[in-house]
Amino acid sequence: MRILLIEDDPMFGDSLTEALGDAGMSVDWLRDGPDGELAIAAGGHALILLDLGLPRISGLDLLRSLRKSGNTTPLLVITARDGTADRVDGLDLGADDYLVKPFEISELLARIRAVVRRQRGHAVSILGNGQVQIDLASHEATAEGATVVLPAREFALLQALLERPGTLFSRTQIEDRIYAWGEEVESNAVDVLIHSIRKKLGKAVIRNVRGAGWMVEGRDR
Ligand code: CA
């Protein structure tokens, strides 16, 4: 899952990027309002984490123009301000949830899952197509009776495919979903990840369409 983080505090941004990375998410981190605005326009993120106190364009202004433009990307406000007014403004302007700093990473992760789940209309943190099933909270994948905990990047890849069963993804589309901007990606990285997933869960869980890409079967149940 690819996340857009807009946060000007270097230490906080650093630790958040690392923690989210450990949880299998790739993070594009922008440090002020105008850069954040450009990144939002570029799109491709499953969720936006938005600090309210930002240089040049405030988080609330960013949020206002984003929702006005019809962008419905799930958005979580993170802020040092504990003023009730800011929180109410954020929610009224279309934030899906908010967290006041400091907070536990485990709470942030749970809220991210909840917000993304709500947007996708799932009741629980489970994605599956009848053949393979993943648990977004525990990072467990189950297929053919075997359950394994997948490493972050393998999990992110399988999640991307399972979000659209029956849809063919090209190499570039997969890379866009699991790597952040500017991240070094080996030309065979996707093949290596898929090879490893198949080894653990069975060859049939991911179908290869030669020269075109990969997909999971579209038997959503
Ligand atoms: Ca700030």
# chains A, B, ... in the order shown; residues from 1 in each chain; ligands from 1
$ residues_near_ligand --ligand "ligand 1" --cutoff "12 Å" --atoms "only C-alpha atoms and all ligand atoms" --output "MDAnalysis selection string"
chainID A and resid 5:13 30:33 49:60 77:81 100:101
$ closest_atom_pairs --of "range 19-69 of chain A" --to "range 106-127 of chain A" --cutoff "12 Å" --atoms "only C-alpha atoms" --output "CSV"
residue,atom,partner,partner_atom,distance
A:Ala19,CA,A:Leu109,CA,9.5
A:Leu20,CA,A:Leu109,CA,7.9
A:Gly21,CA,A:Leu109,CA,11.3
A:Asp22,CA,A:Leu109,CA,11.1
A:Ala23,CA,A:Leu109,CA,8.2
A:Gly24,CA,A:Leu109,CA,10.8
A:Met25,CA,A:Leu109,CA,10.2
A:His45,CA,A:Val116,CA,11.2
A:Ala46,CA,A:Val116,CA,7.5
A:Leu47,CA,A:Val116,CA,7.3
A:Ile48,CA,A:Ile112,CA,9.5
A:Leu49,CA,A:Ile112,CA,9.1
$ closest_residue --among "A:Leu75, A:Ile40, A:Ala156, A:Ala212" --to "Ser170 in chain A" --atoms "only C-alpha atoms"
A:Ala212
$ select_by_dssp --residues "range 5-220 of chain A" --states "alpha helix (DSSP H)" --output "PyMOL selection string"
chain A and resi 10-22+33-42+59-68+84-92+105-120+152-162+171-178+189-201
$ closest_residue --among "A:Gln133, A:Ser187, A:Gln173, A:Thr72" --to "Thr147 in chain A" --atoms "only C-alpha atoms"
A:Gln133
$ closest_residue --among "A:Arg64, A:Arg207, A:Lys200, A:His139" --to "Gly166 in chain A" --atoms "only C-alpha atoms"
A:Arg207
$ residues_around --residues "Ile206 in chain A" --least-positions-apart "5" --cutoff "10 Å" --atoms "only C-alpha atoms" --output "ChimeraX atom specification"
/A:131-132,158,161-162,194-195,197-198,201,214-217
$ write_last_selection --atoms "N, CA and C atoms" --output "compact mmCIF listing (two decimals), in the first residue's frame"
# COMPACT_ATOMS: atom_id res chain seq x y z
N GLN A 131 -9.34 -18.25 -3.45
CA GLN A 131 -8.18 -19.11 -3.67
C GLN A 131 -7.08 -18.77 -2.66
N VAL A 132 -6.89 -17.48 -2.47
CA VAL A 132 -5.90 -17.01 -1.51
C VAL A 132 -6.52 -15.88 -0.70
N LEU A 158 0.96 -8.86 -3.05
CA LEU A 158 -0.23 -9.71 -3.08
C LEU A 158 -1.49 -8.89 -2.77
N LEU A 161 -2.67 -7.00 -5.86
CA LEU A 161 -3.38 -7.87 -6.82
C LEU A 161 -4.77 -8.22 -6.30
N LEU A 162 -4.86 -8.49 -4.99
CA LEU A 162 -6.13 -8.94 -4.42
C LEU A 162 -7.15 -7.81 -4.29
N ILE A 194 7.35 -12.39 -6.69
CA ILE A 194 6.29 -13.32 -7.11
C ILE A 194 6.77 -14.77 -6.98
N HIS A 195 8.02 -14.99 -7.32
CA HIS A 195 8.59 -16.33 -7.19
C HIS A 195 8.50 -16.79 -5.73
N ILE A 197 6.47 -15.64 -3.32
CA ILE A 197 5.07 -15.81 -2.90
C ILE A 197 4.55 -17.17 -3.37
N ARG A 198 4.84 -17.50 -4.63
CA ARG A 198 4.36 -18.77 -5.20
C ARG A 198 4.96 -19.96 -4.48
N LEU A 201 2.93 -20.21 -1.23
CA LEU A 201 1.47 -20.37 -1.27
C LEU A 201 0.97 -21.21 -2.44
N TRP A 214 0.66 -9.83 -14.43
CA TRP A 214 0.24 -10.83 -13.45
C TRP A 214 -1.15 -10.49 -12.91
N MET A 215 -1.83 -11.50 -12.39
CA MET A 215 -3.14 -11.27 -11.80
C MET A 215 -3.49 -12.41 -10.84
N VAL A 216 -4.46 -12.16 -9.96
CA VAL A 216 -5.06 -13.24 -9.20
C VAL A 216 -6.44 -13.48 -9.82
N GLU A 217 -6.92 -14.71 -9.70
CA GLU A 217 -8.21 -15.06 -10.30
C GLU A 217 -9.33 -14.21 -9.71
$ closest_residue --among "A:Leu63, A:Ser138, A:Ala146, A:Gly70" --to "Asp96 in chain A" --atoms "only C-alpha atoms"
A:Leu63
$ residues_around --residues "Ala42 in chain A" --least-positions-apart "6" --cutoff "12 Å" --atoms "only C-alpha atoms" --output "list in words"
Leu4, Asp28, Asp35, Gly36, Asn71, Asp176 and Trp181 of chain A
$ atom_distance --atom1 "CA of Leu150 in chain A" --atom2 "CA of Leu136 in chain A"
10.9 Å
$ atom_distance --atom1 "CA of Ala143 in chain A" --atom2 "CA of Pro74 in chain A"
29.5 Å
$ atom_distance --atom1 "CA of Lys68 in chain A" --atom2 "CA of Asp92 in chain A"
12.3 Å
$ select_by_dssp --residues "range 2-220 of chain A" --states "strand (DSSP E)" --output "count of residues only"
45
$ closest_residue --among "A:Ile134, A:Ala39, A:Val185, A:Val149" --to "Glu163 in chain A" --atoms "only C-alpha atoms"
A:Ile134
$ closest_residue --among "A:Asn129, A:Met1, A:Val88, A:Phe169" --to "Phe155 in chain A" --atoms "only C-alpha atoms"
A:Met1
$ decode --residues "range 79-111 of chain A" --atoms "N, CA, C and O atoms" --output "mmCIF file, in the first residue's frame"
data_model
loop_
_atom_site.group_PDB
_atom_site.id
_atom_site.type_symbol
_atom_site.label_atom_id
_atom_site.label_comp_id
_atom_site.auth_asym_id
_atom_site.auth_seq_id
_atom_site.Cartn_x
_atom_site.Cartn_y
_atom_site.Cartn_z
ATOM 1 N N THR A 79 -1.733 15.685 13.792
ATOM 2 C CA THR A 79 -1.427 17.052 14.205
ATOM 3 C C THR A 79 -0.960 17.143 15.649
ATOM 4 O O THR A 79 -1.338 16.322 16.488
ATOM 5 N N ALA A 80 -0.101 18.127 15.897
ATOM 6 C CA ALA A 80 0.359 18.369 17.255
ATOM 7 C C ALA A 80 -0.679 19.194 18.007
ATOM 8 O O ALA A 80 -0.703 19.227 19.215
ATOM 9 N N ARG A 81 -1.508 19.884 17.256
ATOM 10 C CA ARG A 81 -2.505 20.732 17.911
ATOM 11 C C ARG A 81 -3.549 19.857 18.578
ATOM 12 O O ARG A 81 -4.056 18.915 17.982
ATOM 13 N N ASP A 82 -3.874 20.202 19.783
ATOM 14 C CA ASP A 82 -4.923 19.421 20.414
ATOM 15 C C ASP A 82 -6.214 20.229 20.536
ATOM 16 O O ASP A 82 -7.131 19.862 21.227
ATOM 17 N N GLY A 83 -6.218 21.385 19.861
ATOM 18 C CA GLY A 83 -7.424 22.207 19.882
ATOM 19 C C GLY A 83 -8.586 21.493 19.218
ATOM 20 O O GLY A 83 -8.452 20.975 18.119
ATOM 21 N N THR A 84 -9.699 21.465 19.928
ATOM 22 C CA THR A 84 -10.876 20.790 19.380
ATOM 23 C C THR A 84 -11.293 21.411 18.053
ATOM 24 O O THR A 84 -11.707 20.714 17.120
ATOM 25 N N ALA A 85 -11.159 22.747 17.932
ATOM 26 C CA ALA A 85 -11.609 23.444 16.725
ATOM 27 C C ALA A 85 -10.912 22.910 15.480
ATOM 28 O O ALA A 85 -11.554 22.677 14.453
ATOM 29 N N ASP A 86 -9.583 22.678 15.573
ATOM 30 C CA ASP A 86 -8.849 22.169 14.413
ATOM 31 C C ASP A 86 -9.353 20.806 13.985
ATOM 32 O O ASP A 86 -9.465 20.502 12.811
ATOM 33 N N ARG A 87 -9.595 19.972 14.986
ATOM 34 C CA ARG A 87 -10.054 18.622 14.685
ATOM 35 C C ARG A 87 -11.415 18.652 14.019
ATOM 36 O O ARG A 87 -11.658 17.975 13.025
ATOM 37 N N VAL A 88 -12.301 19.485 14.584
ATOM 38 C CA VAL A 88 -13.652 19.592 14.016
ATOM 39 C C VAL A 88 -13.566 20.129 12.594
ATOM 40 O O VAL A 88 -14.200 19.607 11.675
ATOM 41 N N ASP A 89 -12.722 21.170 12.396
ATOM 42 C CA ASP A 89 -12.558 21.717 11.046
ATOM 43 C C ASP A 89 -12.080 20.636 10.091
ATOM 44 O O ASP A 89 -12.574 20.512 8.980
ATOM 45 N N GLY A 90 -11.090 19.862 10.542
ATOM 46 C CA GLY A 90 -10.522 18.812 9.687
ATOM 47 C C GLY A 90 -11.579 17.801 9.270
ATOM 48 O O GLY A 90 -11.690 17.449 8.098
ATOM 49 N N LEU A 91 -12.368 17.373 10.224
ATOM 50 C CA LEU A 91 -13.401 16.379 9.920
ATOM 51 C C LEU A 91 -14.479 16.987 9.019
ATOM 52 O O LEU A 91 -14.944 16.363 8.073
ATOM 53 N N ASP A 92 -14.838 18.254 9.307
ATOM 54 C CA ASP A 92 -15.847 18.911 8.471
ATOM 55 C C ASP A 92 -15.358 19.090 7.043
ATOM 56 O O ASP A 92 -16.138 19.058 6.096
ATOM 57 N N LEU A 93 -14.052 19.291 6.892
ATOM 58 C CA LEU A 93 -13.514 19.508 5.550
ATOM 59 C C LEU A 93 -13.318 18.195 4.794
ATOM 60 O O LEU A 93 -12.906 18.191 3.650
ATOM 61 N N GLY A 94 -13.556 17.075 5.464
ATOM 62 C CA GLY A 94 -13.506 15.807 4.737
ATOM 63 C C GLY A 94 -12.385 14.865 5.124
ATOM 64 O O GLY A 94 -12.115 13.902 4.412
ATOM 65 N N ALA A 95 -11.712 15.126 6.257
ATOM 66 C CA ALA A 95 -10.747 14.135 6.750
ATOM 67 C C ALA A 95 -11.528 12.908 7.216
ATOM 68 O O ALA A 95 -12.650 13.034 7.708
ATOM 69 N N ASP A 96 -10.953 11.722 7.046
ATOM 70 C CA ASP A 96 -11.654 10.509 7.460
ATOM 71 C C ASP A 96 -11.438 10.184 8.928
ATOM 72 O O ASP A 96 -12.238 9.489 9.542
ATOM 73 N N ASP A 97 -10.324 10.677 9.458
ATOM 74 C CA ASP A 97 -10.026 10.443 10.869
ATOM 75 C C ASP A 97 -8.873 11.373 11.239
ATOM 76 O O ASP A 97 -8.284 12.020 10.379
ATOM 77 N N TYR A 98 -8.536 11.442 12.523
ATOM 78 C CA TYR A 98 -7.405 12.252 12.924
ATOM 79 C C TYR A 98 -6.687 11.605 14.091
ATOM 80 O O TYR A 98 -7.247 10.789 14.818
ATOM 81 N N LEU A 99 -5.417 11.959 14.232
ATOM 82 C CA LEU A 99 -4.620 11.505 15.372
ATOM 83 C C LEU A 99 -3.859 12.703 15.910
ATOM 84 O O LEU A 99 -3.308 13.492 15.141
ATOM 85 N N VAL A 100 -3.813 12.826 17.223
ATOM 86 C CA VAL A 100 -3.080 13.916 17.842
ATOM 87 C C VAL A 100 -1.718 13.386 18.293
ATOM 88 O O VAL A 100 -1.637 12.343 18.938
ATOM 89 N N LYS A 101 -0.630 14.096 17.910
ATOM 90 C CA LYS A 101 0.716 13.693 18.330
ATOM 91 C C LYS A 101 0.874 13.962 19.829
ATOM 92 O O LYS A 101 0.357 14.971 20.304
ATOM 93 N N PRO A 102 1.610 13.166 20.541
ATOM 94 C CA PRO A 102 2.239 11.918 20.075
ATOM 95 C C PRO A 102 1.244 10.767 20.103
ATOM 96 O O PRO A 102 0.295 10.790 20.870
ATOM 97 N N PHE A 103 1.470 9.777 19.232
ATOM 98 C CA PHE A 103 0.592 8.612 19.233
ATOM 99 C C PHE A 103 1.420 7.353 19.021
ATOM 100 O O PHE A 103 2.565 7.429 18.574
ATOM 101 N N GLU A 104 0.843 6.229 19.362
ATOM 102 C CA GLU A 104 1.519 4.953 19.159
ATOM 103 C C GLU A 104 1.372 4.535 17.705
ATOM 104 O O GLU A 104 0.303 4.708 17.116
ATOM 105 N N ILE A 105 2.449 3.990 17.146
ATOM 106 C CA ILE A 105 2.401 3.525 15.758
ATOM 107 C C ILE A 105 1.303 2.474 15.574
ATOM 108 O O ILE A 105 0.603 2.443 14.572
ATOM 109 N N SER A 106 1.138 1.616 16.602
ATOM 110 C CA SER A 106 0.118 0.567 16.476
ATOM 111 C C SER A 106 -1.272 1.184 16.296
ATOM 112 O O SER A 106 -2.103 0.665 15.570
ATOM 113 N N GLU A 107 -1.497 2.332 16.955
ATOM 114 C CA GLU A 107 -2.800 2.980 16.807
ATOM 115 C C GLU A 107 -2.935 3.584 15.402
ATOM 116 O O GLU A 107 -3.981 3.482 14.760
ATOM 117 N N LEU A 108 -1.857 4.205 14.931
ATOM 118 C CA LEU A 108 -1.885 4.762 13.576
ATOM 119 C C LEU A 108 -2.192 3.660 12.557
ATOM 120 O O LEU A 108 -3.039 3.834 11.677
ATOM 121 N N LEU A 109 -1.515 2.517 12.688
ATOM 122 C CA LEU A 109 -1.712 1.420 11.736
ATOM 123 C C LEU A 109 -3.149 0.917 11.769
ATOM 124 O O LEU A 109 -3.758 0.658 10.729
ATOM 125 N N ALA A 110 -3.701 0.801 12.981
ATOM 126 C CA ALA A 110 -5.084 0.332 13.105
ATOM 127 C C ALA A 110 -6.039 1.324 12.445
ATOM 128 O O ALA A 110 -6.995 0.938 11.764
ATOM 129 N N ARG A 111 -5.771 2.610 12.622
ATOM 130 C CA ARG A 111 -6.661 3.611 12.029
ATOM 131 C C ARG A 111 -6.520 3.659 10.510
ATOM 132 O O ARG A 111 -7.493 3.871 9.788
#
